[in-house]
$ cat input.csv   # CSV, C-alpha atoms
chain,number,residue,atom,x,y,z
A,209,MET,CA,0.0,0.0,0.0
A,210,ILE,CA,1.3,3.4,-0.9
A,211,PRO,CA,1.0,5.9,1.9
A,212,ALA,CA,-1.6,8.5,1.3
A,213,THR,CA,0.8,11.4,1.4
A,214,VAL,CA,3.0,9.8,-1.3
A,215,ALA,CA,0.0,9.1,-3.5
A,216,ARG,CA,-1.2,12.6,-3.1
A,217,LYS,CA,2.2,14.0,-4.0
A,218,ARG,CA,2.3,11.8,-7.0
A,219,LEU,CA,-1.1,13.0,-8.2
A,220,LEU,CA,-0.2,16.6,-7.7
A,221,MET,CA,3.1,16.2,-9.5
A,222,MET,CA,1.4,14.5,-12.5
A,223,SER,CA,-1.2,17.2,-12.7
A,224,VAL,CA,1.4,19.9,-12.6
A,225,LEU,CA,3.3,18.1,-15.4
A,226,LEU,CA,0.3,17.4,-17.5
A,227,LEU,CA,-1.3,20.8,-17.6
A,228,PRO,CA,1.4,22.7,-19.4
A,229,GLY,CA,1.6,19.9,-22.0
A,230,LEU,CA,-2.1,20.2,-22.6
A,231,LEU,CA,-1.9,23.9,-22.9
A,232,VAL,CA,0.9,23.7,-25.4
A,233,ASP,CA,-1.0,21.1,-27.4
A,234,CYS,CA,-4.1,23.2,-27.6
A,235,ARG,CA,-2.1,26.0,-29.1
A,236,SER,CA,-0.7,24.0,-32.0
A,237,ARG,CA,-1.5,20.9,-34.1
A,238,PRO,CA,1.0,18.5,-35.6
A,239,THR,CA,2.3,19.0,-39.2
A,240,ALA,CA,0.0,17.9,-41.9
A,241,SER,CA,1.6,16.4,-45.0
A,242,VAL,CA,-0.5,17.6,-47.9
A,243,SER,CA,-0.3,18.0,-51.6
A,244,LEU,CA,-0.6,21.5,-53.2
A,245,ALA,CA,-3.8,20.3,-54.8
A,246,GLN,CA,-5.3,19.6,-51.4
A,247,LEU,CA,-4.1,23.0,-50.1
A,248,VAL,CA,-5.6,24.8,-53.0
A,249,ALA,CA,-8.9,23.0,-52.9
A,250,ASN,CA,-9.4,23.3,-49.1
A,251,GLN,CA,-7.4,26.4,-48.3
A,252,ASP,CA,-9.7,27.4,-45.4
A,253,ALA,CA,-9.2,24.1,-43.6
A,254,TYR,CA,-5.4,24.6,-43.4
A,255,VAL,CA,-5.2,28.2,-42.4
A,256,GLY,CA,-3.0,28.5,-39.3
A,257,ARG,CA,-1.7,24.9,-39.5
A,258,LEU,CA,1.8,23.6,-39.9
A,259,VAL,CA,1.9,21.9,-43.3
A,260,ASP,CA,4.5,20.0,-45.3
A,261,THR,CA,4.3,19.9,-49.1
A,262,THR,CA,6.4,19.5,-52.2
A,263,GLY,CA,6.6,21.3,-55.5
A,264,MET,CA,8.7,23.5,-57.7
A,265,VAL,CA,9.7,27.1,-56.9
A,266,ARG,CA,8.8,29.8,-59.3
A,267,SER,CA,8.9,33.5,-59.1
A,268,PHE,CA,6.7,36.3,-60.4
A,269,ILE,CA,7.0,40.1,-60.4
A,270,ASP,CA,4.2,42.5,-59.6
A,271,ALA,CA,4.0,46.1,-58.5
A,272,THR,CA,5.4,45.2,-55.1
A,273,GLY,CA,8.4,43.3,-56.4
A,274,ARG,CA,9.4,39.7,-56.9
A,275,TYR,CA,7.6,37.0,-55.0
A,276,TYR,CA,8.1,33.2,-55.0
A,277,VAL,CA,5.5,30.4,-55.2
A,278,ILE,CA,5.7,26.7,-54.9
A,279,GLU,CA,3.6,25.0,-57.6
A,280,ASP,CA,2.8,21.5,-58.8
A,281,SER,CA,2.4,20.1,-62.3
A,282,HIS,CA,-1.2,21.3,-62.4
A,283,GLN,CA,-0.1,24.8,-61.4
A,284,ASN,CA,-1.7,24.7,-58.0
A,285,ARG,CA,0.3,27.5,-56.2
A,286,VAL,CA,1.1,28.8,-52.8
A,287,GLU,CA,3.3,31.8,-52.1
A,288,LEU,CA,6.5,31.2,-50.1
A,289,LEU,CA,7.5,33.7,-47.4
A,290,PRO,CA,9.9,35.2,-46.7
A,291,ALA,CA,11.1,35.5,-50.3
A,292,SER,CA,14.7,35.5,-49.3
A,293,ARG,CA,14.5,31.9,-48.1
A,294,ALA,CA,12.8,30.7,-51.3
A,295,ASP,CA,15.1,32.6,-53.6
A,296,PRO,CA,18.0,30.1,-53.6
A,297,TYR,CA,15.7,27.3,-54.7
A,298,GLU,CA,14.1,29.0,-57.7
A,299,GLY,CA,13.5,26.6,-60.6
A,300,GLY,CA,14.2,23.6,-58.3
A,301,ARG,CA,12.0,21.1,-56.6
A,302,ILE,CA,11.7,21.4,-52.8
A,303,GLU,CA,10.0,20.1,-49.8
A,304,VAL,CA,8.8,22.8,-47.5
A,305,THR,CA,7.5,22.9,-44.0
A,306,GLY,CA,5.8,25.9,-42.6
A,307,LYS,CA,2.7,27.7,-41.3
A,308,PHE,CA,0.0,28.0,-44.0
A,309,GLY,CA,-2.1,31.1,-44.1
A,310,PHE,CA,-4.3,33.2,-46.3
A,311,ASP,CA,-4.3,37.0,-46.7
A,312,GLU,CA,-7.1,38.8,-48.7
A,313,ARG,CA,-4.5,41.1,-50.3
A,314,THR,CA,-1.9,38.5,-51.3
A,315,GLY,CA,-3.6,35.1,-51.2
A,316,ARG,CA,-2.3,31.7,-50.0
A,317,PHE,CA,1.1,31.6,-48.4
A,318,ILE,CA,3.4,29.4,-46.4
A,319,VAL,CA,5.8,30.9,-43.8
A,320,ILE,CA,8.9,28.7,-44.3
A,321,GLU,CA,10.1,26.9,-41.2
A,322,GLY,CA,12.1,24.2,-43.1
A,323,ILE,CA,13.0,23.9,-46.7
A,324,LEU,CA,14.9,21.1,-48.5
A,325,PRO,CA,15.9,20.7,-52.1
A,326,LEU,CA,14.6,17.5,-53.8
A,327,ARG,CA,16.1,15.5,-56.7
A,328,PRO,CA,14.4,16.6,-60.0
A,329,GLY,CA,12.7,13.3,-60.4
A,330,GLY,CA,11.6,13.1,-56.8
A,331,THR,CA,8.1,12.4,-55.5
A,332,GLY,CA,5.4,15.0,-55.3
B,47,MET,CA,11.5,13.7,-46.1
B,48,ILE,CA,12.2,16.3,-43.5
B,49,VAL,CA,12.8,14.7,-40.2
B,50,ALA,CA,12.2,17.5,-37.8
B,51,VAL,CA,10.5,17.3,-34.4
B,52,THR,CA,8.4,20.5,-34.2
B,53,ALA,CA,7.3,22.0,-30.9
B,54,SER,CA,3.8,20.7,-31.3
B,55,THR,CA,4.9,17.1,-32.1
B,56,PHE,CA,7.2,17.2,-29.0
B,57,ALA,CA,4.4,18.5,-26.9
B,58,THR,CA,1.9,15.9,-28.2
B,59,ALA,CA,4.4,13.1,-27.4
B,60,ILE,CA,5.0,14.5,-23.9
B,61,VAL,CA,1.2,14.8,-23.3
B,62,ALA,CA,0.6,11.3,-24.6
B,63,LEU,CA,3.4,9.9,-22.3
B,64,LEU,CA,2.2,11.8,-19.3
B,65,GLY,CA,-1.4,11.1,-19.9
B,66,GLY,CA,-0.7,7.3,-20.2
B,67,THR,CA,1.4,7.3,-17.0
B,68,PHE,CA,-1.2,9.3,-15.2
B,69,ALA,CA,-4.1,7.1,-16.3
B,70,LEU,CA,-2.1,4.0,-15.2
B,71,LEU,CA,-1.4,5.4,-11.8
B,72,LEU,CA,-5.0,6.5,-11.4
B,73,VAL,CA,-6.4,3.0,-12.4
B,74,GLY,CA,-3.8,1.3,-10.1
B,75,SER,CA,-4.7,3.6,-7.3
B,76,LEU,CA,-8.5,3.0,-7.7
B,77,HIS,CA,-7.9,-0.8,-7.9
B,78,ARG,CA,-5.9,-0.8,-4.7
B,79,ALA,CA,-8.5,1.3,-2.9
B,80,ARG,CA,-11.3,-1.1,-4.0
B,81,ASN,CA,-9.3,-4.1,-2.8
B,82,SER,CA,-8.6,-2.6,0.6
B,83,ARG,CA,-12.3,-1.9,1.2
B,84,LYS,CA,-13.7,-5.5,0.8
B,85,TYR,CA,-16.5,-5.9,3.3
B,86,VAL,CA,-16.8,-9.2,5.4
B,87,PRO,CA,-20.3,-9.5,6.9
B,88,PRO,CA,-20.2,-10.1,10.7
B,89,GLN,CA,-21.5,-13.5,12.0
B,90,ALA,CA,-23.2,-14.0,15.4
B,91,PRO,CA,-23.8,-17.4,17.2
B,92,GLY,CA,-27.5,-18.5,17.5
B,93,ALA,CA,-29.3,-20.2,20.5
B,94,ASP,CA,-28.6,-23.7,19.2
B,95,GLY,CA,-25.0,-23.0,18.9
B,96,ARG,CA,-25.1,-22.6,15.1
B,97,THR,CA,-24.1,-19.4,13.7
B,98,LEU,CA,-26.8,-17.2,12.4
B,99,ARG,CA,-26.4,-15.6,9.1
B,100,ALA,CA,-26.3,-12.0,9.9
B,101,ARG,CA,-28.2,-9.7,7.5
B,102,PRO,CA,-25.4,-7.9,5.7
B,103,GLN,CA,-25.4,-4.3,6.4
B,104,ARG,CA,-23.9,-1.8,4.2
B,105,PRO,CA,-21.4,0.4,6.1
B,106,ALA,CA,-22.1,4.1,6.0
B,107,ARG,CA,-20.0,5.3,3.2
B,108,VAL,CA,-17.9,8.3,4.1
B,109,LEU,CA,-16.4,10.1,1.2
B,110,SER,CA,-12.7,10.7,2.0
B,111,ARG,CA,-10.9,13.7,0.7
B,112,ARG,CA,-8.8,11.5,-1.5
B,113,ASP,CA,-11.9,9.9,-3.1
B,114,PHE,CA,-13.4,13.3,-3.6
B,115,PHE,CA,-10.3,14.6,-5.4
B,116,ARG,CA,-10.1,11.4,-7.4
B,117,GLY,CA,-13.7,11.8,-8.5
B,118,SER,CA,-13.2,15.4,-9.3
B,119,LEU,CA,-10.2,14.7,-11.4
B,120,LEU,CA,-12.0,11.9,-13.3
B,121,ALA,CA,-15.0,14.2,-13.9
B,122,SER,CA,-12.9,17.1,-15.1
B,123,LEU,CA,-11.0,14.7,-17.4
B,124,GLY,CA,-14.4,13.4,-18.7
B,125,VAL,CA,-15.6,17.0,-19.3
B,126,PHE,CA,-12.4,17.9,-21.1
B,127,ALA,CA,-12.6,14.8,-23.3
B,128,ALA,CA,-16.2,15.5,-24.1
B,129,GLN,CA,-15.5,19.2,-25.0
B,130,PHE,CA,-12.5,18.2,-27.1
B,131,GLY,CA,-14.4,15.4,-28.9
B,132,GLY,CA,-17.4,17.6,-29.4
B,133,THR,CA,-15.4,20.5,-30.8
B,134,THR,CA,-13.4,18.2,-33.1
B,135,LEU,CA,-16.6,16.6,-34.4
B,136,ALA,CA,-18.2,20.0,-35.0
B,137,PHE,CA,-15.0,21.2,-36.9
B,138,LEU,CA,-14.8,18.1,-39.0
B,139,TRP,CA,-18.5,17.6,-39.7
B,140,PRO,CA,-19.2,18.4,-43.3
B,141,ASN,CA,-21.6,21.2,-44.2
B,142,LEU,CA,-24.3,19.1,-45.8
B,143,LYS,CA,-26.9,21.7,-46.3
B,144,GLY,CA,-27.1,25.2,-47.3
B,145,GLY,CA,-23.5,26.4,-47.0
B,146,PHE,CA,-20.5,26.5,-49.2
B,147,GLY,CA,-19.5,23.0,-50.2
B,148,SER,CA,-23.1,21.8,-50.6
B,149,GLN,CA,-25.9,22.3,-53.1
B,150,ILE,CA,-27.2,25.8,-52.7
B,151,THR,CA,-30.7,26.7,-53.7
B,152,LEU,CA,-31.1,30.4,-54.4
B,153,ALA,CA,-33.9,32.5,-53.1
B,154,ASP,CA,-34.5,34.3,-56.3
B,155,PRO,CA,-36.1,32.6,-59.3
B,156,PRO,CA,-34.0,32.0,-62.5
B,157,ASP,CA,-35.7,34.6,-64.7
B,158,GLU,CA,-35.4,37.3,-62.0
B,159,ILE,CA,-31.7,36.5,-61.6
B,160,LEU,CA,-31.0,36.8,-65.4
B,161,GLN,CA,-33.1,40.0,-65.5
B,162,GLN,CA,-31.0,41.5,-62.7
B,163,VAL,CA,-27.8,40.5,-64.5
B,164,ASN,CA,-28.9,42.1,-67.7
B,165,ASP,CA,-30.3,45.2,-66.1
B,166,ARG,CA,-27.4,45.9,-63.8
B,167,GLN,CA,-24.7,44.9,-66.3
B,168,GLN,CA,-23.0,42.9,-63.6
B,169,PRO,CA,-23.1,39.3,-62.4
B,170,TYR,CA,-25.4,38.1,-59.6
B,171,TYR,CA,-23.2,37.5,-56.6
B,172,LEU,CA,-23.9,35.2,-53.7
B,173,GLY,CA,-21.3,35.6,-50.9
B,174,ALA,CA,-22.5,32.5,-48.9
B,175,GLY,CA,-21.9,30.4,-52.0
B,176,ARG,CA,-18.7,32.2,-53.1
B,177,PHE,CA,-19.9,32.4,-56.7
B,178,TYR,CA,-21.1,34.7,-59.4
B,179,LEU,CA,-23.9,33.9,-61.7
B,180,ILE,CA,-23.5,35.3,-65.2
B,181,SER,CA,-25.5,35.2,-68.4
B,182,TYR,CA,-23.4,33.1,-70.7
B,183,THR,CA,-23.9,33.7,-74.4
B,184,GLY,CA,-20.9,31.9,-75.8
B,185,ASP,CA,-20.8,28.5,-77.5
B,186,GLY,CA,-18.6,26.7,-74.9
B,187,ASP,CA,-21.6,24.8,-73.4
B,188,LYS,CA,-22.6,23.2,-76.6
B,189,PRO,CA,-22.3,19.4,-76.8
B,190,GLY,CA,-18.6,18.6,-76.7
B,191,GLY,CA,-17.7,22.1,-75.5
B,192,ILE,CA,-15.6,23.0,-72.5
B,193,TYR,CA,-18.5,24.0,-70.4
B,194,GLU,CA,-20.9,21.2,-71.4
B,195,GLY,CA,-23.3,20.3,-68.7
B,196,ILE,CA,-22.5,23.1,-66.2
B,197,THR,CA,-24.8,25.8,-67.5
B,198,ALA,CA,-28.6,26.0,-67.2
B,199,GLU,CA,-31.0,27.3,-69.7
B,200,VAL,CA,-33.8,29.7,-68.7
B,201,PRO,CA,-36.8,29.9,-71.0
B,202,GLY,CA,-37.2,33.4,-72.5
B,203,PHE,CA,-33.6,34.4,-72.1
B,204,PRO,CA,-30.9,34.1,-74.7
B,205,GLY,CA,-28.1,33.7,-72.1
B,206,ARG,CA,-27.6,30.6,-69.9
B,207,LEU,CA,-26.8,30.7,-66.2
B,208,MET,CA,-23.2,29.9,-65.4
B,209,ALA,CA,-21.7,29.9,-61.9
B,210,ILE,CA,-18.1,31.1,-61.5
B,211,TYR,CA,-16.2,30.5,-58.4
B,212,GLN,CA,-14.9,33.8,-56.9
B,213,LYS,CA,-11.4,32.4,-56.2
B,214,CYS,CA,-8.5,33.5,-58.3
B,215,ALA,CA,-6.7,30.6,-60.0
B,216,HIS,CA,-3.3,32.1,-59.1
B,217,LEU,CA,-3.2,32.3,-55.3
B,218,GLY,CA,-6.9,32.1,-54.3
B,219,CYS,CA,-7.8,35.7,-53.6
B,220,ARG,CA,-11.4,36.8,-54.1
B,221,VAL,CA,-11.8,38.3,-57.6
B,222,PRO,CA,-14.2,41.1,-57.8
B,223,PHE,CA,-16.1,42.1,-61.0
B,224,CYS,CA,-15.0,45.4,-62.5
B,225,GLN,CA,-18.1,47.3,-63.7
B,226,GLN,CA,-16.0,49.5,-66.0
B,227,SER,CA,-14.2,46.9,-68.0
B,228,GLN,CA,-16.8,44.2,-67.5
B,229,TRP,CA,-14.0,41.8,-66.6
B,230,PHE,CA,-13.1,40.0,-63.4
B,231,GLU,CA,-9.9,41.6,-62.0
B,232,CYS,CA,-7.9,40.2,-59.1
B,233,PRO,CA,-6.6,42.9,-56.8
B,234,CYS,CA,-3.8,40.7,-55.4
B,235,HIS,CA,-1.5,40.1,-58.3
B,236,GLY,CA,-3.5,41.6,-61.2
B,237,SER,CA,-4.9,38.5,-63.0
B,238,LYS,CA,-7.7,39.4,-65.3
B,239,TYR,CA,-10.5,37.3,-66.7
B,240,ASN,CA,-13.2,38.2,-69.2
B,241,TYR,CA,-16.9,38.3,-68.4
B,242,ALA,CA,-17.1,34.5,-68.6
B,243,GLY,CA,-14.1,34.1,-66.2
B,244,GLU,CA,-11.7,33.0,-69.0
B,245,TYR,CA,-8.0,33.9,-68.6
B,246,GLU,CA,-6.9,37.1,-70.3
B,247,LEU,CA,-4.0,38.7,-68.4
B,248,GLY,CA,-1.7,38.3,-65.4
B,249,PRO,CA,0.0,35.4,-63.6
B,250,ALA,CA,-3.1,33.1,-63.3
B,251,PRO,CA,-2.4,29.7,-64.8
B,252,THR,CA,-6.0,29.1,-66.0
B,253,GLY,CA,-9.4,30.7,-66.1
B,254,MET,CA,-11.6,30.9,-63.0
B,255,PHE,CA,-13.1,27.7,-61.6
B,256,ARG,CA,-16.8,26.9,-62.0
B,257,PHE,CA,-19.7,25.1,-60.4
B,258,PRO,CA,-22.5,23.2,-62.2
B,259,VAL,CA,-25.9,25.0,-62.2
B,260,LYS,CA,-29.3,23.5,-62.5
B,261,VAL,CA,-32.7,25.0,-62.9
B,262,GLN,CA,-35.3,22.9,-61.0
B,263,GLY,CA,-38.8,24.1,-61.5
B,264,ASN,CA,-38.6,27.7,-60.5
B,265,GLN,CA,-35.4,27.4,-58.5
B,266,VAL,CA,-31.7,27.8,-59.3
B,267,VAL,CA,-29.5,25.2,-57.6
B,268,VAL,CA,-25.7,25.6,-57.6
B,269,ASP,CA,-23.6,22.6,-56.6
B,270,THR,CA,-20.6,24.2,-54.8
B,271,GLY,CA,-19.4,20.7,-53.8
B,272,THR,CA,-18.3,20.0,-57.4
B,273,VAL,CA,-15.6,22.3,-58.6
B,274,THR,CA,-14.9,22.3,-62.3
B,275,ALA,CA,-11.4,23.3,-63.3
B,276,GLY,CA,-10.9,26.6,-65.0
B,277,PRO,CA,-10.5,26.6,-68.8
B,278,PRO,CA,-6.9,26.7,-69.9
B,279,ARG,CA,-5.1,29.8,-71.0
B,280,GLY,CA,-6.1,30.8,-74.6
B,281,THR,CA,-9.7,29.8,-74.1
B,282,ASP,CA,-12.0,32.6,-75.3
B,283,THR,CA,-15.5,31.6,-76.0
B,284,ILE,CA,-17.2,35.0,-75.8
B,285,HIS,CA,-14.7,37.2,-77.6
B,286,GLU,CA,-15.3,40.3,-75.5
B,287,SER,CA,-12.6,43.0,-75.1
B,288,PRO,CA,-12.7,45.1,-72.0
B,289,ARG,CA,-15.4,47.7,-72.3
B,290,GLY,CA,-13.7,50.4,-70.3
B,291,PRO,CA,-10.6,51.1,-68.2
B,292,PHE,CA,-9.4,48.4,-65.8
B,293,CYS,CA,-10.1,48.7,-62.1
B,294,VAL,CA,-6.8,47.0,-61.2
B,295,ALA,CA,-3.7,48.5,-62.8

$ encode --input "input.csv" --output "structure tokens"
Amino acid sequence: MIPATVARKRLLMMSVLLLPGLLVDCRSRPTASVSLAQLVANQDAYVGRLVDTTGMVRSFIDATGRYYVIEDSHQNRVELLPASRADPYEGGRIEVTGKFGFDERTGRFIVIEGILPLRPGGTG
Amino acid sequence: MIVAVTASTFATAIVALLGGTFALLLVGSLHRARNSRKYVPPQAPGADGRTLRARPQRPARVLSRRDFFRGSLLASLGVFAAQFGGTTLAFLWPNLKGGFGSQITLADPPDEILQQVNDRQQPYYLGAGRFYLISYTGDGDKPGGIYEGITAEVPGFPGRLMAIYQKCAHLGCRVPFCQQSQWFECPCHGSKYNYAGEYELGPAPTGMFRFPVKVQGNQVVVDTGTVTAGPPRGTDTIHESPRGPFCVA
């Protein structure tokens, strides 16, 4: 039999340890591996989520300057932010992890957290 | 494949580990408490020397502080699980009726919609459905055409109803209709589409997406759950130049 004081201490300790974990988990959800087609078709469902996707980096120029997008073979596109992190990969295939968002003035975007070059014939 | 443990993954793993340990400790503790409380009914000797079977009496149950806390903890965990489960279900549950992603029945009858479109010289817009209805007069919806099966005829009107998804084919911004040019012009990156939502200018890879429209009786039904891809660049079934200056430079 465990003494009552020990059991109580254990419970208290577990509660103290569990609560911050729950709070952190409520703030964010795990990374979703999605195709660009899925992101484009259901953009609202992924806003605010950490996503992982693959595609080719392309750039466009508008009145505000040069911006970079990741696109697939069907030209489903998402802008990559910041541009400076996408710039070295222009024309190449990448796998990118980052927070997906949508802005009414600029459209869909991913704020890059991780970016990796892929082989030209790689998946995705 | 990027092998990176993000903060959320780490937190989820910690929570799962702690939750499992916590649940095990709790179950073990409850089990021990139950075993230690096994009740043995008292037996008294009768007049003939035999033991009489005493009527079992339930002991007065006193709720200890530990039991109270244990119960509270279980109840709060249950409430948390119910809230979390309920919210998740509500988030994931598909919008089956009336909203975007379902079949939307418009309040206005088809002839009134087309009359409005013709009189006001601009498409009929339904924000809840995220689409424009235009009066399509091109030949793209003829058998074998690119829009076959997605327009709806309205008796007495030369144009057919066509539903155009408001989303830009480039990066998904909402594309407003420009009254001056009679084209759709995206304010985000300047993509421009003609009155039928076909690509004309800018970075968009295709024309605007569409939804199938049906006229059932005196009602217009737009199926926003079925998105038809935009026509490829170079498609021009209505041959209409801009009728005035652009709204977006």

$ interface_residues --input "input.csv" --of "chain B" --to "chain A" --cutoff "10 Å" --atoms "only C-alpha atoms" --output "PDB file with C-alpha atoms, in the frame of the given file"
ATOM      1  CA  MET B  47      11.500  13.700 -46.100  1.00  0.00           C
ATOM      2  CA  ILE B  48      12.200  16.300 -43.500  1.00  0.00           C
ATOM      3  CA  VAL B  49      12.800  14.700 -40.200  1.00  0.00           C
ATOM      4  CA  ALA B  50      12.200  17.500 -37.800  1.00  0.00           C
ATOM      5  CA  VAL B  51      10.500  17.300 -34.400  1.00  0.00           C
ATOM      6  CA  THR B  52       8.400  20.500 -34.200  1.00  0.00           C
ATOM      7  CA  ALA B  53       7.300  22.000 -30.900  1.00  0.00           C
ATOM      8  CA  SER B  54       3.800  20.700 -31.300  1.00  0.00           C
ATOM      9  CA  THR B  55       4.900  17.100 -32.100  1.00  0.00           C
ATOM     10  CA  PHE B  56       7.200  17.200 -29.000  1.00  0.00           C
ATOM     11  CA  ALA B  57       4.400  18.500 -26.900  1.00  0.00           C
ATOM     12  CA  THR B  58       1.900  15.900 -28.200  1.00  0.00           C
ATOM     13  CA  ALA B  59       4.400  13.100 -27.400  1.00  0.00           C
ATOM     14  CA  ILE B  60       5.000  14.500 -23.900  1.00  0.00           C
ATOM     15  CA  VAL B  61       1.200  14.800 -23.300  1.00  0.00           C
ATOM     16  CA  ALA B  62       0.600  11.300 -24.600  1.00  0.00           C
ATOM     17  CA  LEU B  63       3.400   9.900 -22.300  1.00  0.00           C
ATOM     18  CA  LEU B  64       2.200  11.800 -19.300  1.00  0.00           C
ATOM     19  CA  GLY B  65      -1.400  11.100 -19.900  1.00  0.00           C
ATOM     20  CA  THR B  67       1.400   7.300 -17.000  1.00  0.00           C
ATOM     21  CA  PHE B  68      -1.200   9.300 -15.200  1.00  0.00           C
ATOM     22  CA  ALA B  69      -4.100   7.100 -16.300  1.00  0.00           C
ATOM     23  CA  LEU B  71      -1.400   5.400 -11.800  1.00  0.00           C
ATOM     24  CA  LEU B  72      -5.000   6.500 -11.400  1.00  0.00           C
ATOM     25  CA  SER B  75      -4.700   3.600  -7.300  1.00  0.00           C
ATOM     26  CA  ARG B  78      -5.900  -0.800  -4.700  1.00  0.00           C
ATOM     27  CA  ALA B  79      -8.500   1.300  -2.900  1.00  0.00           C
ATOM     28  CA  SER B  82      -8.600  -2.600   0.600  1.00  0.00           C
ATOM     29  CA  ARG B 112      -8.800  11.500  -1.500  1.00  0.00           C
ATOM     30  CA  PHE B 115     -10.300  14.600  -5.400  1.00  0.00           C
ATOM     31  CA  ARG B 116     -10.100  11.400  -7.400  1.00  0.00           C
ATOM     32  CA  LEU B 119     -10.200  14.700 -11.400  1.00  0.00           C
ATOM     33  CA  PHE B 130     -12.500  18.200 -27.100  1.00  0.00           C
ATOM     34  CA  PHE B 137     -15.000  21.200 -36.900  1.00  0.00           C
ATOM     35  CA  LEU B 138     -14.800  18.100 -39.000  1.00  0.00           C
ATOM     36  CA  LYS B 213     -11.400  32.400 -56.200  1.00  0.00           C
ATOM     37  CA  CYS B 214      -8.500  33.500 -58.300  1.00  0.00           C
ATOM     38  CA  ALA B 215      -6.700  30.600 -60.000  1.00  0.00           C
ATOM     39  CA  HIS B 216      -3.300  32.100 -59.100  1.00  0.00           C
ATOM     40  CA  LEU B 217      -3.200  32.300 -55.300  1.00  0.00           C
ATOM     41  CA  GLY B 218      -6.900  32.100 -54.300  1.00  0.00           C
ATOM     42  CA  CYS B 219      -7.800  35.700 -53.600  1.00  0.00           C
ATOM     43  CA  ARG B 220     -11.400  36.800 -54.100  1.00  0.00           C
ATOM     44  CA  CYS B 232      -7.900  40.200 -59.100  1.00  0.00           C
ATOM     45  CA  PRO B 233      -6.600  42.900 -56.800  1.00  0.00           C
ATOM     46  CA  CYS B 234      -3.800  40.700 -55.400  1.00  0.00           C
ATOM     47  CA  HIS B 235      -1.500  40.100 -58.300  1.00  0.00           C
ATOM     48  CA  GLY B 236      -3.500  41.600 -61.200  1.00  0.00           C
ATOM     49  CA  GLY B 248      -1.700  38.300 -65.400  1.00  0.00           C
ATOM     50  CA  PRO B 249       0.000  35.400 -63.600  1.00  0.00           C
ATOM     51  CA  ALA B 250      -3.100  33.100 -63.300  1.00  0.00           C
ATOM     52  CA  PRO B 251      -2.400  29.700 -64.800  1.00  0.00           C
ATOM     53  CA  THR B 252      -6.000  29.100 -66.000  1.00  0.00           C
ATOM     54  CA  VAL B 273     -15.600  22.300 -58.600  1.00  0.00           C
ATOM     55  CA  ALA B 295      -3.700  48.500 -62.800  1.00  0.00           C
TER      56      ALA B 295
END

$ residues_around --input "input.csv" --residues "Ala291 (chain A)" --least-positions-apart "2" --cutoff "12 Å" --atoms "all atoms listed in the file" --output "ChimeraX atom specification"
/A:265-269,273-278,287-289,293-298,317-320

$ closest_residue --input "input.csv" --among "B:Phe146, B:Arg111, B:Ala128, B:Val266" --to "Asp252 (chain A)" --atoms "all atoms listed in the file"
B:Phe146

$ closest_residue --input "input.csv" --among "B:Val268, B:Cys293, B:Leu76, B:Leu70" --to "Ala153 (chain B)" --atoms "all atoms listed in the file"
B:Val268

$ atom_distance --input "input.csv" --atom1 "CA of Ser243 (chain A)" --atom2 "CA of Pro325 (chain A)"
16.4 Å

$ atom_distance --input "input.csv" --atom1 "CA of Val255 (chain A)" --atom2 "CA of Arg256 (chain B)"
22.8 Å

$ closest_residue --input "input.csv" --among "A:Lys217, A:Gly306, A:Gly299, A:Ser281" --to "Val259 (chain A)" --atoms "all atoms listed in the file"
A:Gly306

$ closest_residue --input "input.csv" --among "B:Asn81, B:Gln212, B:Leu123, B:Asp269" --to "Gly147 (chain B)" --atoms "all atoms listed in the file"
B:Asp269
